[in-house]
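Dumped run.cif below, it's mmCIF, N, CA and C atoms:
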```
data_work
loop_
_atom_site.label_atom_id
_atom_site.label_comp_id
_atom_site.auth_asym_id
_atom_site.auth_seq_id
_atom_site.Cartn_x
_atom_site.Cartn_y
_atom_site.Cartn_z
N MET Y 1 9.02 5.94 10.91
CA MET Y 1 9.76 4.71 11.06
C MET Y 1 9.91 4.07 9.69
N LYS Y 2 11.08 3.60 9.37
CA LYS Y 2 11.35 3.04 8.05
C LYS Y 2 10.83 1.61 7.91
N PHE Y 3 10.42 1.28 6.68
CA PHE Y 3 10.03 -0.08 6.34
C PHE Y 3 11.28 -0.94 6.22
N THR Y 4 11.19 -2.17 6.67
CA THR Y 4 12.24 -3.15 6.38
C THR Y 4 11.77 -3.97 5.19
N SER Y 5 12.68 -4.65 4.53
CA SER Y 5 12.28 -5.47 3.38
C SER Y 5 11.36 -6.60 3.83
N ASP Y 6 11.57 -7.12 5.05
CA ASP Y 6 10.69 -8.17 5.57
C ASP Y 6 9.27 -7.64 5.76
N GLU Y 7 9.15 -6.43 6.31
CA GLU Y 7 7.82 -5.84 6.50
C GLU Y 7 7.12 -5.64 5.16
N ALA Y 8 7.86 -5.14 4.17
CA ALA Y 8 7.28 -4.92 2.85
C ALA Y 8 6.75 -6.23 2.27
N LYS Y 9 7.50 -7.30 2.41
CA LYS Y 9 7.06 -8.61 1.90
C LYS Y 9 5.82 -9.10 2.64
N ARG Y 10 5.80 -8.91 3.96
CA ARG Y 10 4.66 -9.37 4.76
C ARG Y 10 3.40 -8.57 4.45
N VAL Y 11 3.54 -7.25 4.30
CA VAL Y 11 2.38 -6.42 3.96
C VAL Y 11 1.90 -6.76 2.55
N GLN Y 12 2.83 -6.97 1.63
CA GLN Y 12 2.46 -7.34 0.27
C GLN Y 12 1.66 -8.65 0.27
N LYS Y 13 2.13 -9.64 1.00
CA LYS Y 13 1.44 -10.93 1.08
C LYS Y 13 0.05 -10.74 1.69
N TYR Y 14 -0.05 -9.91 2.73
CA TYR Y 14 -1.35 -9.64 3.36
C TYR Y 14 -2.33 -9.03 2.35
N LEU Y 15 -1.88 -8.00 1.62
CA LEU Y 15 -2.75 -7.35 0.64
C LEU Y 15 -3.16 -8.31 -0.47
N GLN Y 16 -2.22 -9.14 -0.93
CA GLN Y 16 -2.53 -10.12 -1.97
C GLN Y 16 -3.60 -11.10 -1.48
N MET Y 17 -3.47 -11.55 -0.25
CA MET Y 17 -4.46 -12.48 0.30
C MET Y 17 -5.80 -11.79 0.55
N LYS Y 18 -5.77 -10.59 1.12
CA LYS Y 18 -7.00 -9.86 1.46
C LYS Y 18 -7.83 -9.53 0.22
N PHE Y 19 -7.16 -9.13 -0.86
CA PHE Y 19 -7.86 -8.75 -2.09
C PHE Y 19 -7.86 -9.86 -3.14
N ALA Y 20 -7.34 -11.03 -2.78
CA ALA Y 20 -7.29 -12.20 -3.68
C ALA Y 20 -6.70 -11.81 -5.04
N ASN Y 21 -5.54 -11.14 -5.00
CA ASN Y 21 -4.92 -10.68 -6.24
C ASN Y 21 -3.40 -10.69 -6.08
N GLN Y 22 -2.75 -11.61 -6.78
CA GLN Y 22 -1.29 -11.74 -6.72
C GLN Y 22 -0.55 -10.63 -7.46
N LYS Y 23 -1.28 -9.78 -8.19
CA LYS Y 23 -0.65 -8.70 -8.95
C LYS Y 23 -0.40 -7.45 -8.12
N ILE Y 24 -0.78 -7.48 -6.83
CA ILE Y 24 -0.52 -6.36 -5.93
C ILE Y 24 0.91 -6.48 -5.40
N THR Y 25 1.68 -5.40 -5.52
CA THR Y 25 3.06 -5.40 -5.04
C THR Y 25 3.35 -4.12 -4.26
N VAL Y 26 4.31 -4.22 -3.36
CA VAL Y 26 4.83 -3.04 -2.67
C VAL Y 26 5.98 -2.54 -3.53
N GLY Y 27 5.87 -1.29 -3.99
CA GLY Y 27 6.87 -0.72 -4.88
C GLY Y 27 7.87 0.15 -4.17
N ALA Y 28 8.22 1.23 -4.82
CA ALA Y 28 9.28 2.13 -4.34
C ALA Y 28 8.92 2.75 -3.00
N PHE Y 29 9.95 2.90 -2.16
CA PHE Y 29 9.81 3.57 -0.87
C PHE Y 29 10.07 5.06 -1.04
N SER Y 30 9.47 5.87 -0.16
CA SER Y 30 9.76 7.30 -0.14
C SER Y 30 11.19 7.50 0.34
N LYS Y 31 11.71 8.70 0.14
CA LYS Y 31 13.08 8.99 0.59
C LYS Y 31 13.22 8.82 2.10
N SER Y 32 12.17 9.15 2.83
CA SER Y 32 12.22 9.01 4.29
C SER Y 32 12.06 7.55 4.72
N GLY Y 33 11.53 6.71 3.82
CA GLY Y 33 11.39 5.30 4.11
C GLY Y 33 10.17 4.92 4.92
N ASP Y 34 9.31 5.91 5.27
CA ASP Y 34 8.14 5.60 6.09
C ASP Y 34 6.87 5.38 5.27
N SER Y 35 7.00 5.43 3.94
CA SER Y 35 5.86 5.13 3.08
C SER Y 35 6.36 4.43 1.82
N ALA Y 36 5.43 3.74 1.17
CA ALA Y 36 5.77 3.00 -0.04
C ALA Y 36 4.60 3.04 -1.00
N GLU Y 37 4.90 2.86 -2.28
CA GLU Y 37 3.85 2.79 -3.29
C GLU Y 37 3.26 1.39 -3.30
N ILE Y 38 1.95 1.31 -3.49
CA ILE Y 38 1.28 0.04 -3.72
C ILE Y 38 0.89 0.02 -5.19
N LEU Y 39 1.27 -1.05 -5.87
CA LEU Y 39 1.04 -1.17 -7.31
C LEU Y 39 0.11 -2.34 -7.60
N LEU Y 40 -0.71 -2.18 -8.62
CA LEU Y 40 -1.55 -3.27 -9.12
C LEU Y 40 -1.15 -3.51 -10.56
N ASP Y 41 -0.51 -4.64 -10.79
CA ASP Y 41 -0.01 -5.00 -12.12
C ASP Y 41 0.90 -3.89 -12.67
N GLY Y 42 1.71 -3.31 -11.78
CA GLY Y 42 2.68 -2.28 -12.17
C GLY Y 42 2.13 -0.87 -12.20
N GLU Y 43 0.82 -0.70 -12.00
CA GLU Y 43 0.20 0.63 -12.03
C GLU Y 43 -0.02 1.13 -10.61
N PHE Y 44 0.34 2.39 -10.36
CA PHE Y 44 0.17 2.98 -9.03
C PHE Y 44 -1.27 2.87 -8.58
N MET Y 45 -1.45 2.38 -7.35
CA MET Y 45 -2.79 2.20 -6.80
C MET Y 45 -3.01 3.04 -5.55
N GLY Y 46 -1.94 3.27 -4.78
CA GLY Y 46 -2.08 4.03 -3.55
C GLY Y 46 -0.77 4.07 -2.79
N THR Y 47 -0.84 4.61 -1.59
CA THR Y 47 0.35 4.77 -0.75
C THR Y 47 0.14 4.05 0.57
N LEU Y 48 1.18 3.38 1.02
CA LEU Y 48 1.16 2.68 2.29
C LEU Y 48 2.07 3.43 3.26
N TYR Y 49 1.54 3.75 4.44
CA TYR Y 49 2.29 4.46 5.46
C TYR Y 49 2.51 3.54 6.66
N LYS Y 50 3.65 3.71 7.30
CA LYS Y 50 3.96 2.95 8.51
C LYS Y 50 3.99 3.92 9.68
N ASP Y 51 3.37 3.50 10.79
CA ASP Y 51 3.35 4.32 11.99
C ASP Y 51 3.64 3.44 13.19
N THR Y 52 4.55 3.89 14.03
CA THR Y 52 4.86 3.18 15.26
C THR Y 52 4.60 4.12 16.43
N GLU Y 53 3.69 3.70 17.31
CA GLU Y 53 3.33 4.53 18.45
C GLU Y 53 3.05 3.63 19.65
N ASP Y 54 3.57 4.00 20.79
CA ASP Y 54 3.38 3.24 22.03
C ASP Y 54 3.76 1.77 21.87
N GLY Y 55 4.81 1.51 21.09
CA GLY Y 55 5.29 0.15 20.91
C GLY Y 55 4.49 -0.70 19.94
N GLU Y 56 3.48 -0.11 19.30
CA GLU Y 56 2.67 -0.84 18.33
C GLU Y 56 2.88 -0.26 16.94
N THR Y 57 2.94 -1.13 15.95
CA THR Y 57 3.14 -0.70 14.57
C THR Y 57 1.85 -0.93 13.80
N SER Y 58 1.47 0.08 13.01
CA SER Y 58 0.30 -0.06 12.14
C SER Y 58 0.67 0.40 10.74
N TYR Y 59 -0.11 -0.04 9.78
CA TYR Y 59 0.11 0.31 8.38
C TYR Y 59 -1.19 0.88 7.84
N ASP Y 60 -1.11 2.01 7.17
CA ASP Y 60 -2.28 2.70 6.65
C ASP Y 60 -2.19 2.74 5.14
N PHE Y 61 -3.18 2.16 4.46
CA PHE Y 61 -3.22 2.17 3.00
C PHE Y 61 -4.17 3.28 2.56
N ASN Y 62 -3.68 4.20 1.73
CA ASN Y 62 -4.46 5.34 1.26
C ASN Y 62 -4.58 5.27 -0.25
N MET Y 63 -5.82 5.25 -0.74
CA MET Y 63 -6.08 5.17 -2.17
C MET Y 63 -7.04 6.28 -2.57
N ALA Y 64 -6.58 7.17 -3.44
CA ALA Y 64 -7.44 8.24 -3.94
C ALA Y 64 -8.19 7.73 -5.17
N ILE Y 65 -9.47 8.10 -5.28
CA ILE Y 65 -10.29 7.71 -6.43
C ILE Y 65 -10.82 9.00 -7.06
N LEU Y 66 -10.46 9.21 -8.31
CA LEU Y 66 -10.93 10.40 -9.02
C LEU Y 66 -12.37 10.20 -9.48
N ASP Y 67 -13.16 11.26 -9.45
CA ASP Y 67 -14.55 11.14 -9.88
C ASP Y 67 -14.67 10.74 -11.35
N ILE Y 68 -13.69 11.10 -12.17
CA ILE Y 68 -13.74 10.74 -13.59
C ILE Y 68 -13.51 9.24 -13.81
N ASP Y 69 -12.99 8.55 -12.80
CA ASP Y 69 -12.76 7.11 -12.89
C ASP Y 69 -13.97 6.29 -12.43
N LEU Y 70 -14.95 6.94 -11.84
CA LEU Y 70 -16.13 6.23 -11.35
C LEU Y 70 -17.05 5.85 -12.51
N PRO Y 71 -17.79 4.74 -12.37
CA PRO Y 71 -18.76 4.39 -13.41
C PRO Y 71 -19.91 5.40 -13.40
N PRO Y 72 -20.64 5.50 -14.49
CA PRO Y 72 -21.77 6.44 -14.54
C PRO Y 72 -22.80 6.11 -13.46
N ALA Y 73 -23.50 7.14 -13.01
CA ALA Y 73 -24.56 6.96 -12.02
C ALA Y 73 -25.69 6.14 -12.64
N ALA Y 74 -26.36 5.38 -11.81
CA ALA Y 74 -27.45 4.51 -12.30
C ALA Y 74 -28.65 5.30 -12.72
#
```

Conversion result in structure tokens:
Amino acid sequence: MKFTSDEAKRVQKYLQMKFANQKITVGAFSKSGDSAEILLDGEFMGTLYKDTEDGETSYDFNMAILDIDLPPAA
């Protein structure tokens, strides 16, 4: 199911409020329109997917974390 511009704005506002960070934005949509990039200050942070099933819509945020980006072990 494709994202509408209103949905993108609402999800963006939700993420900004949830993470207390106004630099989070919904970026480019996939060609199919069912996913979008989530950016933090213009840098790719993860992918947002939209799913509609049984009349309910949900959004899934997927963020990969590379082991080389983790802080050293204590």

Evaluate the PyMOL selection byres (((chain Y and resi 11 and name CA) around 12) and name CA) and report residues as an MDAnalysis selection string | chainID Y and resid 3:10 12:18 24:27 36:38 48:50 58:61

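We find atom N of Gly46 (chain Y) and atom C of Ala73 (chain Y) to be spaced 25.2 Å apart.
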
Take every atom of region 12-27 of chain Y listed in the file, fit an axis-aligned box around them, add 8 Å per side, and give the centre and edge lengths in Å to one decimal as lines of an AutoDock Vina configuration file.
```
center_x = 0.0
center_y = -6.2
center_z = -2.8
size_x = 31.7
size_y = 28.6
size_z = 28.3
```

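Between CA of Glu43 (chain Y) and CA of Asp67 (chain Y) the interatomic distance comes to 18.2 Å.
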
Apply DSSP to the backbone of this structure and, from chain Y, keep only the residues in strand (DSSP E); write these as a PyMOL selection string.
-> chain Y and resi 24-29+35-40+43-53+56-62

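Running DSSP on the backbone and keeping only helix (DSSP H, G or I), the residues of chain Y that qualify are Ser5, Asp6, Glu7, Ala8, Lys9, Arg10, Val11, Gln12, Lys13, Tyr14, Leu15, Gln16, Met17, Lys18, Asp67, Ile68 and Asp69 of chain Y.
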
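Among the candidates Y:Gln22, Y:Ser35, Y:Ser30, Y:Thr47, the one nearest to Ala64 (chain Y) when counting all atoms listed in the file is Y:Thr47.
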